[in-house]
>>> print(open('coords.cif').read())   # mmCIF, C-alpha atoms and all ligand atoms
data_protein
#
loop_
_atom_site.label_atom_id
_atom_site.label_comp_id
_atom_site.auth_asym_id
_atom_site.auth_seq_id
_atom_site.Cartn_x
_atom_site.Cartn_y
_atom_site.Cartn_z
CA MET A 1 33.24 119.91 162.17
CA THR A 2 31.29 120.60 165.36
CA ASP A 3 30.47 124.07 166.67
CA GLN A 4 32.97 123.43 169.43
CA ASP A 5 35.71 122.72 166.86
CA ARG A 6 34.87 125.95 165.05
CA ILE A 7 34.99 128.00 168.25
CA PHE A 8 38.28 126.39 169.29
CA GLU A 9 39.90 127.08 165.89
CA SER A 10 38.82 130.71 165.81
CA LEU A 11 40.09 131.17 169.37
CA ILE A 12 43.56 130.03 168.23
CA SER A 13 43.49 132.63 165.45
CA GLU A 14 42.28 135.36 167.79
CA LYS A 15 44.99 134.61 170.34
CA ALA A 16 47.71 134.66 167.65
CA VAL A 17 46.47 138.03 166.31
CA ASN A 18 46.21 139.49 169.82
CA SER A 19 49.74 138.39 170.69
CA PHE A 20 50.91 141.44 168.70
CA ASN A 21 48.66 143.88 170.59
CA ASP A 22 51.50 145.39 172.61
CA ALA A 23 53.98 145.88 169.74
CA PRO A 24 55.32 149.42 170.30
CA ASN A 25 55.60 150.16 166.58
CA ALA A 26 52.06 150.77 165.28
CA ARG A 27 52.85 149.96 161.64
CA TYR A 28 54.62 146.72 162.63
CA LYS A 29 51.57 145.76 164.71
CA GLN A 30 49.21 146.49 161.81
CA ILE A 31 51.29 144.47 159.33
CA MET A 32 51.80 141.47 161.62
CA GLN A 33 48.19 141.28 162.78
CA SER A 34 46.91 141.46 159.21
CA LEU A 35 49.45 138.87 158.10
CA VAL A 36 48.46 136.45 160.88
CA ARG A 37 44.75 137.03 160.17
CA HIS A 38 45.19 136.27 156.47
CA LEU A 39 47.47 133.28 157.09
CA HIS A 40 44.97 131.77 159.48
CA ALA A 41 42.10 132.44 157.06
CA PHE A 42 44.07 130.69 154.31
CA VAL A 43 44.84 127.63 156.47
CA SER A 44 41.18 127.40 157.53
CA ASP A 45 39.94 127.95 153.99
CA VAL A 46 41.91 125.06 152.45
CA GLU A 47 41.88 122.98 155.66
CA LEU A 48 45.61 122.40 155.34
CA THR A 49 46.73 118.85 156.13
CA GLU A 50 49.81 118.21 158.27
CA GLN A 51 51.57 116.76 155.23
CA GLU A 52 50.80 119.89 153.17
CA TRP A 53 52.01 122.12 156.02
CA PHE A 54 55.26 120.16 156.10
CA GLU A 55 55.68 120.47 152.32
CA GLY A 56 55.07 124.21 152.56
CA ILE A 57 57.78 124.54 155.21
CA GLY A 58 60.13 122.50 152.96
CA PHE A 59 59.37 124.75 149.99
CA LEU A 60 60.20 127.92 151.96
CA THR A 61 63.36 126.30 153.37
CA ASP A 62 64.53 125.37 149.85
CA THR A 63 63.72 128.91 148.68
CA GLY A 64 66.03 130.33 151.36
CA HIS A 65 68.79 127.84 150.58
CA LYS A 66 68.68 128.78 146.90
CA CYS A 67 69.53 132.44 147.65
CA ASP A 68 73.21 133.30 147.41
CA GLY A 69 73.07 137.00 148.32
CA LEU A 70 74.73 137.89 145.00
CA VAL A 71 72.90 137.07 141.79
CA ARG A 72 70.32 134.55 142.93
CA GLN A 73 67.43 135.81 145.06
CA GLU A 74 64.82 133.08 145.04
CA PHE A 75 62.47 134.92 147.43
CA ILE A 76 62.27 137.89 145.02
CA LEU A 77 61.62 135.41 142.22
CA LEU A 78 58.85 133.86 144.31
CA SER A 79 57.34 137.29 144.99
CA ASP A 80 57.57 138.10 141.26
CA THR A 81 55.95 134.87 140.10
CA LEU A 82 53.13 135.19 142.66
CA GLY A 83 52.35 138.68 141.33
CA VAL A 84 53.23 140.23 144.70
CA SER A 85 56.06 142.42 143.34
CA MET A 86 53.77 143.97 140.72
CA LEU A 87 51.04 144.55 143.32
CA VAL A 88 53.51 146.36 145.59
CA ASP A 89 54.67 148.35 142.56
CA ALA A 90 51.07 149.27 141.66
CA ILE A 91 50.21 150.36 145.23
CA ASN A 92 53.32 152.52 145.42
CA HIS A 93 52.93 154.14 141.99
CA ARG A 94 49.25 154.98 141.83
CA HIS A 95 48.33 157.10 138.89
CA SER A 96 50.58 160.06 138.68
CA ALA A 97 49.48 162.43 135.91
CA ASN A 98 51.12 161.36 132.66
CA ALA A 99 54.36 160.03 134.13
CA THR A 100 55.87 156.88 132.57
CA GLU A 101 54.51 153.70 134.14
CA THR A 102 56.71 151.53 136.32
CA THR A 103 57.29 147.80 136.35
CA VAL A 104 59.16 145.13 138.26
CA PHE A 105 62.85 145.75 139.12
CA GLY A 106 63.88 142.09 138.86
CA PRO A 107 66.87 140.44 140.51
CA PHE A 108 69.56 141.08 137.87
CA TYR A 109 70.48 144.75 138.34
CA ILE A 110 74.16 145.40 139.10
CA GLU A 111 75.28 148.69 140.58
CA GLY A 112 78.26 150.67 139.34
CA MET A 113 78.23 149.66 135.67
CA PRO A 114 80.33 151.72 133.19
CA GLU A 115 79.28 155.25 132.32
CA ARG A 116 78.71 155.41 128.58
CA GLU A 117 78.78 158.20 126.02
CA PHE A 118 75.76 159.30 123.98
CA GLY A 119 75.17 156.47 121.48
CA GLU A 120 77.95 154.22 122.83
CA ASN A 121 77.57 150.51 122.08
CA MET A 122 76.96 148.37 125.17
CA ALA A 123 76.73 145.05 123.28
CA PHE A 124 79.91 142.95 123.20
CA THR A 125 78.12 139.74 122.24
CA PRO A 126 76.27 139.04 118.97
CA GLY A 127 72.72 140.09 118.21
CA GLU A 128 70.62 142.20 115.91
CA PRO A 129 72.10 145.74 116.06
CA ALA A 130 69.69 148.32 117.41
CA LEU A 131 69.55 151.99 118.30
CA VAL A 132 67.31 152.91 121.22
CA ARG A 133 66.84 156.65 121.34
CA GLY A 134 64.54 159.22 122.85
CA ARG A 135 64.14 161.88 125.45
CA VAL A 136 63.59 162.29 129.18
CA VAL A 137 61.09 165.04 130.05
CA ASP A 138 59.03 166.29 133.01
CA THR A 139 55.22 166.00 133.15
CA ARG A 140 54.90 169.33 131.29
CA GLY A 141 57.15 168.13 128.48
CA ASN A 142 60.24 170.14 129.45
CA PRO A 143 63.46 168.29 128.62
CA LEU A 144 65.54 166.98 131.51
CA GLY A 145 69.26 167.24 130.78
CA GLY A 146 71.72 165.24 132.89
CA ALA A 147 69.24 162.41 133.64
CA VAL A 148 71.08 159.13 134.34
CA LEU A 149 69.66 156.06 132.60
CA ASP A 150 70.96 152.82 134.07
CA VAL A 151 70.11 150.11 131.52
CA TRP A 152 70.47 146.32 131.39
CA GLN A 153 69.30 143.46 129.22
CA THR A 154 70.16 139.83 128.47
CA ALA A 155 72.44 138.57 125.73
CA GLU A 156 70.99 136.48 122.92
CA ASN A 157 71.41 133.36 125.08
CA GLY A 158 68.82 134.81 127.49
CA MET A 159 71.33 135.41 130.29
CA TYR A 160 72.49 138.62 131.95
CA SER A 161 76.18 139.41 132.39
CA GLY A 162 76.88 138.58 136.01
CA GLN A 163 74.69 135.47 135.67
CA ASP A 164 76.81 134.08 132.81
CA SER A 165 80.58 134.03 133.35
CA ALA A 166 81.22 133.73 129.58
CA GLN A 167 80.08 137.33 129.02
CA PRO A 168 82.56 140.20 129.34
CA PHE A 169 82.24 142.64 132.24
CA GLY A 170 79.54 145.25 131.62
CA ASN A 171 78.09 143.44 128.62
CA LEU A 172 74.64 144.86 127.79
CA ARG A 173 74.75 147.15 130.80
CA GLY A 174 75.65 150.78 131.22
CA ARG A 175 74.82 154.21 132.54
CA TYR A 176 73.87 156.76 129.90
CA ARG A 177 73.18 160.44 130.45
CA THR A 178 70.80 162.74 128.60
CA ASN A 179 72.29 165.76 126.83
CA ALA A 180 71.23 169.33 127.60
CA ASP A 181 68.09 168.88 125.46
CA GLY A 182 67.08 165.71 127.29
CA TYR A 183 68.04 163.30 124.50
CA PHE A 184 69.69 159.90 124.98
CA ALA A 185 70.93 157.26 122.54
CA ILE A 186 71.90 153.66 123.31
CA ARG A 187 73.52 151.29 120.86
CA THR A 188 72.71 147.72 121.67
CA ILE A 189 71.06 144.60 120.26
CA VAL A 190 67.35 143.90 119.99
CA PRO A 191 66.28 142.29 123.32
CA VAL A 192 65.12 138.66 123.24
CA CYS A 193 62.60 136.80 125.39
CA TYR A 194 64.10 134.56 128.06
CA PRO A 195 63.03 132.15 130.81
CA ILE A 196 63.44 133.13 134.47
CA PRO A 197 65.60 130.62 136.40
CA THR A 198 63.76 127.32 136.87
CA ASP A 199 66.41 125.24 138.65
CA GLY A 200 64.97 125.97 142.11
CA PRO A 201 61.72 125.78 144.07
CA VAL A 202 60.10 128.53 141.98
CA GLY A 203 60.73 126.42 138.87
CA ARG A 204 59.07 123.46 140.62
CA MET A 205 56.09 125.65 141.48
CA LEU A 206 55.71 126.79 137.85
CA GLU A 207 55.91 123.22 136.63
CA ALA A 208 53.32 122.01 139.15
CA ALA A 209 51.01 124.78 137.92
CA ASN A 210 51.70 124.01 134.26
CA ARG A 211 52.98 127.60 133.88
CA HIS A 212 55.79 128.60 131.50
CA PRO A 213 58.79 130.57 132.81
CA TRP A 214 59.16 133.06 129.93
CA ARG A 215 59.45 136.84 130.11
CA PRO A 216 58.77 138.83 126.93
CA ALA A 217 61.82 140.59 125.45
CA HIS A 218 62.61 143.82 127.28
CA LEU A 219 65.24 146.40 128.11
CA HIS A 220 65.46 147.47 131.78
CA PHE A 221 65.72 151.13 132.80
CA MET A 222 66.34 152.84 136.09
CA ILE A 223 66.25 156.59 135.53
CA GLU A 224 67.38 159.15 138.08
CA VAL A 225 67.13 162.92 138.00
CA PRO A 226 67.57 165.06 141.14
CA GLY A 227 64.17 166.40 142.25
CA TYR A 228 62.21 163.62 140.48
CA ARG A 229 60.93 160.21 141.57
CA LYS A 230 63.29 157.42 140.56
CA LEU A 231 61.76 155.56 137.62
CA VAL A 232 62.17 151.76 137.40
CA THR A 233 60.68 150.37 134.24
CA HIS A 234 61.19 148.32 131.04
CA LEU A 235 60.62 148.80 127.34
CA PHE A 236 59.03 145.65 125.91
CA ASN A 237 59.26 144.55 122.27
CA ARG A 238 55.75 144.99 120.89
CA ASP A 239 55.87 141.87 118.71
CA ASP A 240 56.83 139.46 121.49
CA PRO A 241 54.73 136.27 121.82
CA TYR A 242 54.86 136.37 125.64
CA LEU A 243 53.39 139.87 126.17
CA GLU A 244 50.08 138.36 127.31
CA SER A 245 51.60 135.74 129.59
CA ASP A 246 54.68 137.28 131.24
CA ALA A 247 55.79 134.90 134.04
CA VAL A 248 56.01 137.88 136.44
CA PHE A 249 52.96 139.92 135.27
CA GLY A 250 55.09 142.99 134.45
CA VAL A 251 53.76 144.04 131.03
CA LYS A 252 51.96 147.35 130.49
CA GLN A 253 50.67 148.59 127.17
CA SER A 254 52.30 152.01 127.52
CA LEU A 255 55.75 150.38 127.80
CA GLN A 256 55.76 148.62 124.43
CA VAL A 257 57.97 149.77 121.55
CA ILE A 258 58.51 148.68 117.99
CA TYR A 259 62.03 147.92 116.76
CA GLU A 260 61.47 149.23 113.25
CA ASP A 261 63.73 148.47 110.29
CA ARG A 262 65.67 151.56 109.30
CA LEU A 263 66.90 151.33 105.75
CA SER A 264 68.42 154.80 105.84
CA HIS A 265 70.10 157.06 108.40
CA ASP A 266 68.37 159.37 110.84
CA ASP A 267 70.20 162.35 112.37
CA VAL A 268 71.53 160.32 115.31
CA SER A 269 72.55 157.18 113.38
CA GLU A 270 74.40 159.37 110.89
CA GLN A 271 76.22 161.24 113.66
CA LEU A 272 77.15 157.90 115.31
CA ASP A 273 78.15 156.34 111.98
CA ILE A 274 75.87 153.34 112.52
CA GLN A 275 75.77 150.80 109.70
CA VAL A 276 72.53 150.82 107.68
CA PRO A 277 70.18 148.90 107.84
CA PHE A 278 69.57 148.80 111.61
CA LYS A 279 66.66 148.43 114.02
CA ARG A 280 65.43 151.48 115.88
CA ALA A 281 63.14 151.98 118.87
CA CYS A 282 62.14 155.42 120.18
CA TYR A 283 60.65 156.38 123.53
CA GLU A 284 59.97 159.44 125.66
CA PHE A 285 60.27 158.92 129.43
CA VAL A 286 58.19 161.26 131.58
CA MET A 287 59.46 161.87 135.11
CA GLU A 288 57.32 162.97 138.03
CA ALA A 289 58.63 165.67 140.37
CA VAL A 290 58.95 164.63 144.04
C1 LIG B 301 63.97 140.44 134.95
O1 LIG B 301 63.32 141.00 134.10
O2 LIG B 301 65.18 140.57 134.93
C2 LIG B 301 63.28 139.56 135.93
C3 LIG B 301 62.20 140.04 136.63
C4 LIG B 301 61.56 139.23 137.54
C5 LIG B 301 62.02 137.94 137.75
C6 LIG B 301 63.11 137.46 137.03
C7 LIG B 301 63.74 138.27 136.11
FE FE B 302 64.85 141.19 132.63
#
>>> encode(input="coords.cif", output="C-alpha cells", more="lines below")
Ligand code: BEZ
Ligand code: FE
Amino acid sequence: MTDQDRIFESLISEKAVNSFNDAPNARYKQIMQSLVRHLHAFVSDVELTEQEWFEGIGFLTDTGHKCDGLVRQEFILLSDTLGVSMLVDAINHRHSANATETTVFGPFYIEGMPEREFGENMAFTPGEPALVRGRVVDTRGNPLGGAVLDVWQTAENGMYSGQDSAQPFGNLRGRYRTNADGYFAIRTIVPVCYPIPTDGPVGRMLEAANRHPWRPAHLHFMIEVPGYRKLVTHLFNRDDPYLESDAVFGVKQSLQVIYEDRLSHDDVSEQLDIQVPFKRACYEFVMEAV
C-alpha cells in the first residue's frame, strides 16, 4: 500500500464519520460516529475482501430473515453469542453494593404467564421434582413482601413452552409472589442444560468457529418490587458441565446453586405435602432501591 492509498482510505473514513456532524441529537451523533469509526477500523484492520464483504451482508440478511417477531429473535441470539448482551448488561449494572448480580434476559420470556400460589407446581412435563425456595430482601437484609418473581425454564427436552407446541400452556413458567416475610417457594423440576437454536446463521457461525451451542442448566428470574431496580437474572446448577463455557457468557459465580437431595421434610416441603425424597435449592435475592 502506498502513502497515497493510506491517505485516501483514511479520508473515506473521516468523511463518513463527519457526515453525522450535524445530527441534532447529541447522543445519536456520538453513537453513530463511534460506530462508523470502529467499523472502518475493523475493515481496515482485516483488509476485508469484496467477497468477504458480500458474505457478511448475506449473513446479516439471513439473520433478519430468521426473526419471526414472536419466539425467534436471531439478532438477539447473535448479540448473545458475540458477548455483546453480557457487556451491555455489565455496563448497565456496575457494582451496586451487595445486590444480586444480573445476567442475560434471553429471547424466551413470555409476558402474562399464570400467577401461582406459594409453592405451586409449575411443571406439567416430567423431570426430577425440585423445590426452589428462598427470600427476597433489600440491601440491608429487610424482607420484601409482595415481590413478583416471574420465572421460566426449559422442559427436560431442552425446549421452552412457546417454542415447543407439545408443551401445555404455561408449562415451567409462572409468576410467584413473596409472602409478608419475603419468602417464596416454587415447585418445579431440576433445570437441564440445553443448546441454543442452531438452525440459523448463528448456528452456522458457531460451527465455523468450532464452538458448542450449550447453555448450562438454569432457571430464569425477573423480579419486580415497586421502588427497586428490576432484577433479571438466572440461578445456575452448580454441577453443570457447561458452567465454564456457556455459549452466551452469562455465568456468574454468585448465581450458582446446589440442588441438594432432601431425604426428609423441611418446614416448607411439609406444609406443601411434597413427596420425600426431593431436590432442593435455596437462594436469597437482594434488590437495590432505585
Ligand atoms: C436463554 O437462557 O433462554 C437464552 C439466552 C441467550 C440466548 C439463548 C437462550
Ligand atoms: Fe434459558
>>> residues_near_ligand(input="coords.cif", ligand="ligand LIG 301 (chain B)", cutoff="9 Å", atoms="only C-alpha atoms and all ligand atoms", output="number ranges by chain")
A: 76-81, 85, 104-109, 152-154, 160, 194-197, 215-220, 234, 247-250
>>> closest_residue(input="coords.cif", among="A:Ile7, A:Cys193, A:Thr139, A:Glu47", to="Pro241 (chain A)", atoms="all atoms listed in the file")
A:Cys193
>>> closest_residue(input="coords.cif", among="A:Phe8, A:Phe42, A:Phe236, A:Tyr259", to="ligand FE 302 (chain B)", atoms="only C-alpha atoms and all ligand atoms")
A:Phe236
>>> atom_distance(input="coords.cif", atom1="CA of Gly83 (chain A)", atom2="CA of Gly58 (chain A)")
21.4 Å
>>> closest_residue(input="coords.cif", among="A:Trp214, A:Tyr228, A:Tyr176, A:Tyr283", to="ligand FE 302 (chain B)", atoms="all atoms listed in the file")
A:Trp214
